[in-house]
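Chemist: To be precise about what I am sending: the file is called upload12.txt and holds compact mmCIF, C-alpha atoms.
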```txt
# COMPACT_ATOMS: atom_id res chain seq x y z
CA MET A 1246 -12.60 231.33 208.97
CA MET A 1247 -16.18 231.95 210.10
CA ILE A 1248 -16.84 232.53 213.84
CA ALA A 1249 -20.03 233.15 215.81
CA SER A 1250 -21.24 236.74 216.11
CA LYS A 1251 -23.49 238.48 218.59
CA ILE A 1252 -27.07 239.36 217.69
CA THR A 1253 -27.24 243.09 216.93
CA LYS A 1254 -29.69 245.53 215.43
CA TYR A 1255 -28.11 245.12 212.00
CA PRO A 1256 -27.11 241.82 210.35
CA THR A 1257 -23.41 241.23 210.93
CA LEU A 1258 -20.77 238.83 209.70
CA GLN A 1259 -17.46 238.20 211.41
CA PHE A 1260 -14.50 236.39 209.88
CA ARG A 1261 -10.76 236.14 210.27
CA ALA A 1262 -8.81 237.87 207.56
CA PRO A 1263 -5.13 238.79 207.14
CA ASN A 1264 -4.30 242.32 208.18
CA PRO A 1265 -3.09 244.07 204.97
CA LEU A 1266 -0.39 245.86 206.98
CA ARG A 1267 0.87 242.94 209.10
CA MET A 1268 1.46 239.23 208.77
CA ASN A 1269 -0.87 238.26 211.64
CA PHE A 1270 -4.67 237.80 211.51
CA CYS A 1271 -7.32 240.19 212.74
CA ILE A 1272 -11.05 240.04 213.42
CA MET A 1273 -13.17 241.94 210.88
CA THR A 1274 -16.88 242.63 211.35
CA ILE A 1275 -19.01 243.48 208.34
CA SER A 1276 -22.44 244.96 208.97
CA TYR A 1277 -24.77 247.50 207.40
CA GLN A 1278 -23.89 250.03 210.10
CA ASN A 1279 -20.14 249.55 209.58
CA LEU A 1280 -20.48 249.96 205.82
CA GLN A 1281 -22.60 253.06 206.30
CA ASN A 1282 -20.03 254.61 208.66
CA TRP A 1283 -17.16 253.71 206.35
CA LEU A 1284 -18.84 255.29 203.32
CA LEU A 1285 -19.71 258.37 205.35
CA HIS A 1286 -16.05 258.96 206.18
CA ASN A 1287 -14.51 257.83 202.87
CA TRP A 1288 -17.01 258.76 200.15
CA LYS A 1289 -14.86 261.60 198.79
CA ARG A 1290 -11.81 259.38 198.50
CA PHE A 1291 -13.93 256.56 197.08
CA LEU A 1292 -15.48 258.84 194.45
CA ALA A 1293 -12.15 260.37 193.42
CA ILE A 1294 -10.41 256.99 193.07
CA GLU A 1295 -13.34 255.48 191.15
CA ILE A 1296 -13.36 258.41 188.70
CA LEU A 1297 -9.61 258.01 188.19
CA CYS A 1298 -9.87 254.24 187.63
CA LEU A 1299 -12.82 254.59 185.26
CA SER A 1300 -10.97 257.29 183.30
CA ASN A 1301 -7.99 254.96 182.92
CA GLY A 1302 -10.34 252.14 181.93
CA PHE A 1303 -11.97 254.23 179.19
CA SER A 1304 -8.53 255.35 177.98
CA TYR A 1305 -7.35 251.75 177.77
CA TYR A 1306 -10.50 250.73 175.89
CA TYR A 1307 -10.12 253.58 173.41
CA PHE A 1308 -6.37 253.33 172.72
CA ALA A 1309 -5.74 249.57 173.07
CA PRO A 1310 -5.31 247.57 169.82
CA LYS A 1311 -8.61 246.12 168.61
CA ILE A 1312 -8.36 242.33 168.38
CA TYR A 1313 -10.43 240.53 165.72
CA GLU A 1314 -10.96 236.80 165.24
CA ALA A 1315 -11.04 234.79 162.00
CA ASN A 1316 -12.22 231.17 161.86
CA PHE A 1317 -11.97 228.42 159.27
CA GLY A 1318 -11.83 224.63 159.15
CA VAL A 1319 -9.87 222.08 157.12
CA ARG A 1320 -10.72 218.43 156.50
CA LEU A 1321 -7.71 216.11 156.78
CA PRO A 1322 -6.70 213.76 153.92
CA LYS A 1323 -7.81 210.13 154.28
CA THR A 1324 -7.52 206.73 152.66
CA GLN A 1325 -10.17 204.04 152.33
CA ILE A 1326 -8.60 200.65 153.04
CA ALA A 1327 -10.00 197.15 152.58
CA LEU A 1328 -9.78 195.01 155.71
CA THR A 1329 -7.46 192.01 155.41
CA ALA A 1330 -9.69 189.72 157.48
CA GLU A 1331 -12.91 190.86 155.77
CA PRO A 1332 -12.17 192.04 152.20
CA ASN A 1333 -15.77 193.13 151.67
CA LYS A 1334 -15.49 195.70 154.46
CA THR A 1335 -13.53 198.94 154.35
CA GLU A 1336 -12.26 201.54 156.81
CA TRP A 1337 -11.18 205.15 156.48
CA HIS A 1338 -7.77 206.07 157.90
CA LEU A 1339 -6.25 209.53 158.23
CA ILE A 1340 -3.02 210.01 156.34
CA ILE A 1341 -1.86 212.25 159.17
CA SER A 1342 -3.74 212.45 162.45
CA GLY A 1343 -5.07 215.72 163.76
CA ILE A 1344 -2.93 215.45 166.91
CA ASP A 1345 0.26 214.98 164.90
CA PHE A 1346 -0.57 217.95 162.68
CA LEU A 1347 -1.33 220.10 165.73
CA ARG A 1348 2.09 219.29 167.15
CA ILE A 1349 3.69 220.46 163.92
CA LEU A 1350 1.74 223.73 164.05
CA GLN A 1351 2.88 224.36 167.64
CA ASN A 1352 6.50 224.60 166.48
CA PRO A 1353 7.30 228.32 165.89
CA LEU A 1354 10.08 227.41 163.47
CA GLY A 1355 7.80 225.38 161.23
CA TYR A 1356 6.19 228.35 159.47
CA GLY A 1357 7.29 229.97 156.24
CA ASN A 1358 9.26 233.22 156.36
CA GLU A 1359 6.77 235.01 154.12
CA LEU A 1360 3.82 234.21 156.38
CA ILE A 1361 5.59 235.55 159.48
CA ARG A 1362 6.76 238.71 157.69
CA ASP A 1363 3.33 239.44 156.19
CA CYS A 1364 1.43 238.83 159.45
CA MET A 1365 3.88 239.87 162.18
CA GLY A 1366 5.98 242.50 160.40
CA VAL A 1367 9.46 241.09 161.00
CA ASP A 1368 10.65 237.49 161.02
CA THR A 1369 12.03 237.15 164.57
CA ASN A 1370 11.87 234.34 167.11
CA GLN A 1371 9.59 236.39 169.36
CA ASN A 1372 7.20 237.17 166.51
CA ARG A 1373 7.06 233.49 165.65
CA LYS A 1374 6.10 232.71 169.25
CA ASP A 1375 3.49 235.49 169.18
CA TRP A 1376 2.05 233.99 166.00
CA VAL A 1377 1.69 230.57 167.63
CA ASN A 1378 0.05 232.20 170.66
CA ALA A 1379 -2.42 233.97 168.34
CA LEU A 1380 -3.66 230.59 167.07
CA ASN A 1381 -6.42 228.60 168.73
CA ILE A 1382 -6.68 225.12 167.19
CA GLY A 1383 -9.15 222.35 167.92
CA LEU A 1384 -10.42 219.07 166.47
CA LYS A 1385 -13.98 218.37 165.29
CA ASN A 1386 -15.92 215.47 163.76
CA ARG A 1387 -13.94 212.79 165.61
CA GLY A 1388 -10.64 214.34 164.58
CA ASP A 1389 -11.36 214.51 160.84
CA VAL A 1390 -11.59 218.32 160.81
CA ILE A 1391 -9.22 220.88 162.30
CA GLN A 1392 -10.82 224.17 163.34
CA PHE A 1393 -8.57 227.24 163.34
CA SER A 1394 -9.13 230.56 165.12
CA ILE A 1395 -6.72 233.44 164.60
CA ARG A 1396 -6.74 236.52 166.84
CA LEU A 1397 -4.76 239.55 165.69
CA ALA A 1398 -4.97 243.32 165.90
CA GLY A 1399 -6.76 244.97 162.99
CA GLU A 1400 -9.69 243.74 160.91
CA GLY A 1401 -7.90 243.72 157.54
CA ARG A 1402 -4.74 242.21 158.95
CA THR A 1403 -6.64 239.37 160.64
CA LEU A 1404 -8.52 238.46 157.46
CA GLN A 1405 -5.39 238.62 155.29
CA CYS A 1406 -3.37 236.45 157.67
CA ALA A 1407 -6.19 233.90 157.88
CA GLN A 1408 -6.17 233.63 154.09
CA LEU A 1409 -2.39 233.22 153.94
CA PHE A 1410 -2.42 230.67 156.75
CA GLU A 1411 -5.21 228.69 155.08
CA ILE A 1412 -3.11 228.48 151.89
CA GLU A 1413 -0.07 227.26 153.86
CA VAL A 1414 -2.09 224.65 155.77
CA MET A 1415 -3.63 223.31 152.56
CA ARG A 1416 -0.20 223.18 150.91
CA ASP A 1417 1.23 221.14 153.80
CA LEU A 1418 -1.71 218.73 153.90
CA THR A 1419 -1.63 218.29 150.13
CA SER A 1420 2.04 217.33 150.36
CA TYR A 1421 1.14 214.58 152.87
CA TYR A 1422 -1.65 213.44 150.53
CA GLU A 1423 0.67 213.25 147.50
CA SER A 1424 3.39 211.50 149.50
CA ALA A 1425 0.88 208.85 150.62
CA ILE A 1426 -0.19 208.19 147.02
CA LYS A 1427 3.42 207.95 145.88
CA GLN A 1428 4.31 205.56 148.71
CA ALA A 1429 1.29 203.37 148.01
CA THR A 1430 2.18 203.23 144.32
CA ILE A 1431 5.75 202.16 145.10
CA GLU A 1432 4.57 199.44 147.49
CA GLY A 1433 1.89 198.23 145.04
CA GLN A 1434 -1.01 198.73 147.46
CA LEU A 1435 -3.31 200.71 145.18
CA GLU A 1436 -4.89 197.58 143.68
CA LYS A 1437 -4.50 195.23 146.63
CA LYS A 1438 -5.46 197.16 149.74
CA ILE A 1439 -6.15 200.88 149.21
CA ILE A 1440 -9.45 201.59 147.49
CA GLN A 1441 -9.34 205.37 147.22
CA PHE A 1442 -7.83 208.56 148.62
CA GLU A 1443 -9.63 211.68 149.81
CA LYS A 1444 -7.93 215.05 149.33
CA PRO A 1445 -7.72 217.68 152.09
CA SER A 1446 -10.41 220.32 151.72
CA VAL A 1447 -11.50 223.60 153.28
CA VAL A 1448 -14.68 223.38 155.36
CA GLY A 1449 -16.60 226.59 154.65
CA ALA A 1450 -15.31 230.08 153.97
CA ILE A 1451 -13.24 232.14 156.40
CA ARG A 1452 -15.53 233.90 158.90
CA LEU A 1453 -14.37 237.13 160.49
CA SER A 1454 -15.90 238.42 163.73
CA ASP A 1455 -18.46 241.18 163.21
CA ASN A 1456 -16.68 243.41 165.71
CA PHE A 1457 -13.48 243.36 167.72
CA ILE A 1458 -13.53 240.90 170.62
CA GLN A 1459 -10.86 242.61 172.73
CA PRO A 1460 -10.79 244.84 174.67
CA ASN A 1461 -14.20 244.13 176.19
CA LEU A 1462 -15.88 247.32 177.48
CA LYS A 1463 -17.97 245.56 180.13
CA LYS A 1464 -15.04 243.61 181.59
CA THR A 1465 -12.81 246.69 181.48
CA LEU A 1466 -15.29 248.85 183.43
CA ILE A 1467 -16.01 246.11 185.99
CA GLY A 1468 -12.28 245.69 186.53
CA ALA A 1469 -11.84 249.45 186.95
CA LEU A 1470 -14.68 249.61 189.53
CA LEU A 1471 -13.25 246.70 191.54
CA LEU A 1472 -9.77 248.22 191.42
CA GLY A 1473 -11.15 251.54 192.66
CA LEU A 1474 -12.89 249.82 195.57
CA PHE A 1475 -9.74 247.89 196.49
CA LEU A 1476 -7.57 251.02 196.40
CA THR A 1477 -10.06 252.93 198.53
CA VAL A 1478 -10.08 250.22 201.19
CA PHE A 1479 -6.29 249.96 201.07
CA PHE A 1480 -5.66 253.70 201.49
CA SER A 1481 -8.29 253.88 204.25
CA ALA A 1482 -6.48 251.11 206.13
CA LEU A 1483 -3.15 252.92 205.70
CA GLN A 1484 -4.65 256.16 207.01
CA LYS A 1485 -6.20 254.42 210.00
CA LYS A 1486 -2.94 252.67 210.88
CA TYR A 1487 -0.71 255.74 210.84
CA ARG A 1488 -3.22 257.93 212.63
CA HIS A 1489 -3.04 255.64 215.63
```
Since I need it in another form, could you write the structure as structure tokens?
Modeler:
Amino acid sequence: MMIASKITKYPTLQFRAPNPLRMNFCIMTISYQNLQNWLLHNWKRFLAIEILCLSNGFSYYYFAPKIYEANFGVRLPKTQIALTAEPNKTEWHLIISGIDFLRILQNPLGYGNELIRDCMGVDTNQNRKDWVNALNIGLKNRGDVIQFSIRLAGEGRTLQCAQLFEIEVMRDLTSYYESAIKQATIEGQLEKKIIQFEKPSVVGAIRLSDNFIQPNLKKTLIGALLLGLFLTVFFSALQKKYRH
């Protein structure tokens, strides 16, 4: 909470902040002079902690698994239907809506055993959940196209799994397409109402990211610097408390 401050030689800012060592609130004053005095007394600790945090950040960036992203799109199967009220006009209807297909893909148990083994190593419940979490799925073109993004460790593994997943998605959509034709034939709608069917199709080739997208060096180093600053302030507060 901001409160009024006295006019001093240096610009100051006062606010109420929770004491890190107690549950009550204390008055903190931030000014150029205070920052200068704090750095003068804590620069060695600040430098040592920052070097340690940056070293850990570089180690994490170097040893962490490199995550790549593969993207592809699939056009959903549709039917062209003549309107009952206006026979000269037609409308396109999806055989299965994008939302319904997304719900199916969110079920970890709905994937083939071979896909999970090839992409995740072992077919376990946890690996199936990890596979679903690795998928980022969205709708485009008013729901006619499903856009898939797959993020996995390893460039070759990501591309291979995207290819296998694309085959499985196309197989599932083709089964819906064939079932719709069979059902329309049984009900005798092919000549009366349904004009034509449109098969599911792949929209463009699979695109793999040029480089790994995680870990991000810039974000890692910024996080390490902020952590070092926080730890320096925290240890300085501990030292000041127990000295007095």
Chemist: For a quick check of understanding, using all atoms listed in the file, which of A:Leu1360, A:Leu1476, A:Val1377, A:Val1319 has the smallest distance to Ala1450 (chain A)?
Modeler: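 Closest residue, counting all atoms listed in the file: A:Val1319.
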Chemist: Distance CA of Arg1416 (chain A)-CA of Pro1445 (chain A), one decimal place?
Modeler: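 Distance reported for this atom pair: 9.4 Å.
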Chemist: Rounded to one decimal, what separation in Å do you get between CA of Leu1397 (chain A) and CA of Tyr1313 (chain A)?
Modeler: 5.8 Å
Chemist: What are the centre and edge lengths in Å, to one decimal, of the axis-aligned box around all listed atoms of region 1282-1301 of chain A with 3 Å added on each side, as lines of an AutoDock Vina configuration file?
Modeler:
```
center_x = -14.0
center_y = 257.7
center_z = 195.8
size_x = 18.0
size_y = 13.9
size_z = 31.7
```
Chemist: With all atoms listed in the file as the basis for distance, which of A:Thr1477, A:Thr1419, A:Ser1394, A:Asn1378 is at the shortest distance from Ser1454 (chain A)?
Modeler: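 Of A:Thr1477, A:Thr1419, A:Ser1394, A:Asn1378, the one nearest Ser1454 (chain A) is A:Ser1394, counting all atoms listed in the file.
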Chemist: Starting from the incomplete input, reconstruct N, CA and C atoms of region 1288-1307 of chain A and write that as a PDB file, in the coordinates of the input.
Modeler:
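What follows is the written file result-v7.pdb:
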```pdb
ATOM      1  N   TRP A1288     -16.330 258.653 201.448  1.00  0.00           N
ATOM      2  CA  TRP A1288     -17.010 258.760 200.150  1.00  0.00           C
ATOM      3  C   TRP A1288     -16.265 259.669 199.177  1.00  0.00           C
ATOM      4  N   LYS A1289     -15.605 260.713 199.681  1.00  0.00           N
ATOM      5  CA  LYS A1289     -14.860 261.600 198.790  1.00  0.00           C
ATOM      6  C   LYS A1289     -13.676 260.869 198.163  1.00  0.00           C
ATOM      7  N   ARG A1290     -12.933 260.149 199.016  1.00  0.00           N
ATOM      8  CA  ARG A1290     -11.810 259.380 198.500  1.00  0.00           C
ATOM      9  C   ARG A1290     -12.295 258.293 197.531  1.00  0.00           C
ATOM     10  N   PHE A1291     -13.370 257.619 197.914  1.00  0.00           N
ATOM     11  CA  PHE A1291     -13.930 256.560 197.080  1.00  0.00           C
ATOM     12  C   PHE A1291     -14.351 257.106 195.708  1.00  0.00           C
ATOM     13  N   LEU A1292     -15.022 258.252 195.705  1.00  0.00           N
ATOM     14  CA  LEU A1292     -15.480 258.840 194.450  1.00  0.00           C
ATOM     15  C   LEU A1292     -14.313 259.271 193.576  1.00  0.00           C
ATOM     16  N   ALA A1293     -13.302 259.891 194.188  1.00  0.00           N
ATOM     17  CA  ALA A1293     -12.150 260.370 193.420  1.00  0.00           C
ATOM     18  C   ALA A1293     -11.379 259.203 192.793  1.00  0.00           C
ATOM     19  N   ILE A1294     -11.160 258.141 193.580  1.00  0.00           N
ATOM     20  CA  ILE A1294     -10.410 256.990 193.070  1.00  0.00           C
ATOM     21  C   ILE A1294     -11.197 256.269 191.984  1.00  0.00           C
ATOM     22  N   GLU A1295     -12.519 256.140 192.168  1.00  0.00           N
ATOM     23  CA  GLU A1295     -13.340 255.480 191.150  1.00  0.00           C
ATOM     24  C   GLU A1295     -13.328 256.266 189.836  1.00  0.00           C
ATOM     25  N   ILE A1296     -13.413 257.581 189.917  1.00  0.00           N
ATOM     26  CA  ILE A1296     -13.360 258.410 188.700  1.00  0.00           C
ATOM     27  C   ILE A1296     -12.020 258.237 188.002  1.00  0.00           C
ATOM     28  N   LEU A1297     -10.931 258.191 188.778  1.00  0.00           N
ATOM     29  CA  LEU A1297      -9.610 258.010 188.190  1.00  0.00           C
ATOM     30  C   LEU A1297      -9.480 256.641 187.520  1.00  0.00           C
ATOM     31  N   CYS A1298      -9.970 255.589 188.199  1.00  0.00           N
ATOM     32  CA  CYS A1298      -9.870 254.240 187.630  1.00  0.00           C
ATOM     33  C   CYS A1298     -10.747 254.094 186.386  1.00  0.00           C
ATOM     34  N   LEU A1299     -11.945 254.669 186.425  1.00  0.00           N
ATOM     35  CA  LEU A1299     -12.820 254.590 185.260  1.00  0.00           C
ATOM     36  C   LEU A1299     -12.246 255.374 184.084  1.00  0.00           C
ATOM     37  N   SER A1300     -11.611 256.510 184.375  1.00  0.00           N
ATOM     38  CA  SER A1300     -10.970 257.290 183.300  1.00  0.00           C
ATOM     39  C   SER A1300      -9.860 256.483 182.643  1.00  0.00           C
ATOM     40  N   ASN A1301      -9.051 255.811 183.475  1.00  0.00           N
ATOM     41  CA  ASN A1301      -7.990 254.960 182.920  1.00  0.00           C
ATOM     42  C   ASN A1301      -8.577 253.785 182.141  1.00  0.00           C
ATOM     43  N   GLY A1302      -9.705 253.231 182.633  1.00  0.00           N
ATOM     44  CA  GLY A1302     -10.340 252.140 181.930  1.00  0.00           C
ATOM     45  C   GLY A1302     -10.858 252.558 180.555  1.00  0.00           C
ATOM     46  N   PHE A1303     -11.491 253.728 180.481  1.00  0.00           N
ATOM     47  CA  PHE A1303     -11.970 254.230 179.190  1.00  0.00           C
ATOM     48  C   PHE A1303     -10.794 254.526 178.254  1.00  0.00           C
ATOM     49  N   SER A1304      -9.705 255.059 178.802  1.00  0.00           N
ATOM     50  CA  SER A1304      -8.530 255.350 177.980  1.00  0.00           C
ATOM     51  C   SER A1304      -7.945 254.063 177.407  1.00  0.00           C
ATOM     52  N   TYR A1305      -7.855 253.040 178.247  1.00  0.00           N
ATOM     53  CA  TYR A1305      -7.350 251.750 177.770  1.00  0.00           C
ATOM     54  C   TYR A1305      -8.249 251.184 176.673  1.00  0.00           C
ATOM     55  N   TYR A1306      -9.562 251.269 176.886  1.00  0.00           N
ATOM     56  CA  TYR A1306     -10.500 250.730 175.890  1.00  0.00           C
ATOM     57  C   TYR A1306     -10.388 251.478 174.568  1.00  0.00           C
ATOM     58  N   TYR A1307     -10.157 252.771 174.632  1.00  0.00           N
ATOM     59  CA  TYR A1307     -10.120 253.580 173.410  1.00  0.00           C
ATOM     60  C   TYR A1307      -8.806 253.397 172.653  1.00  0.00           C
TER      61      TYR A1307
END
```
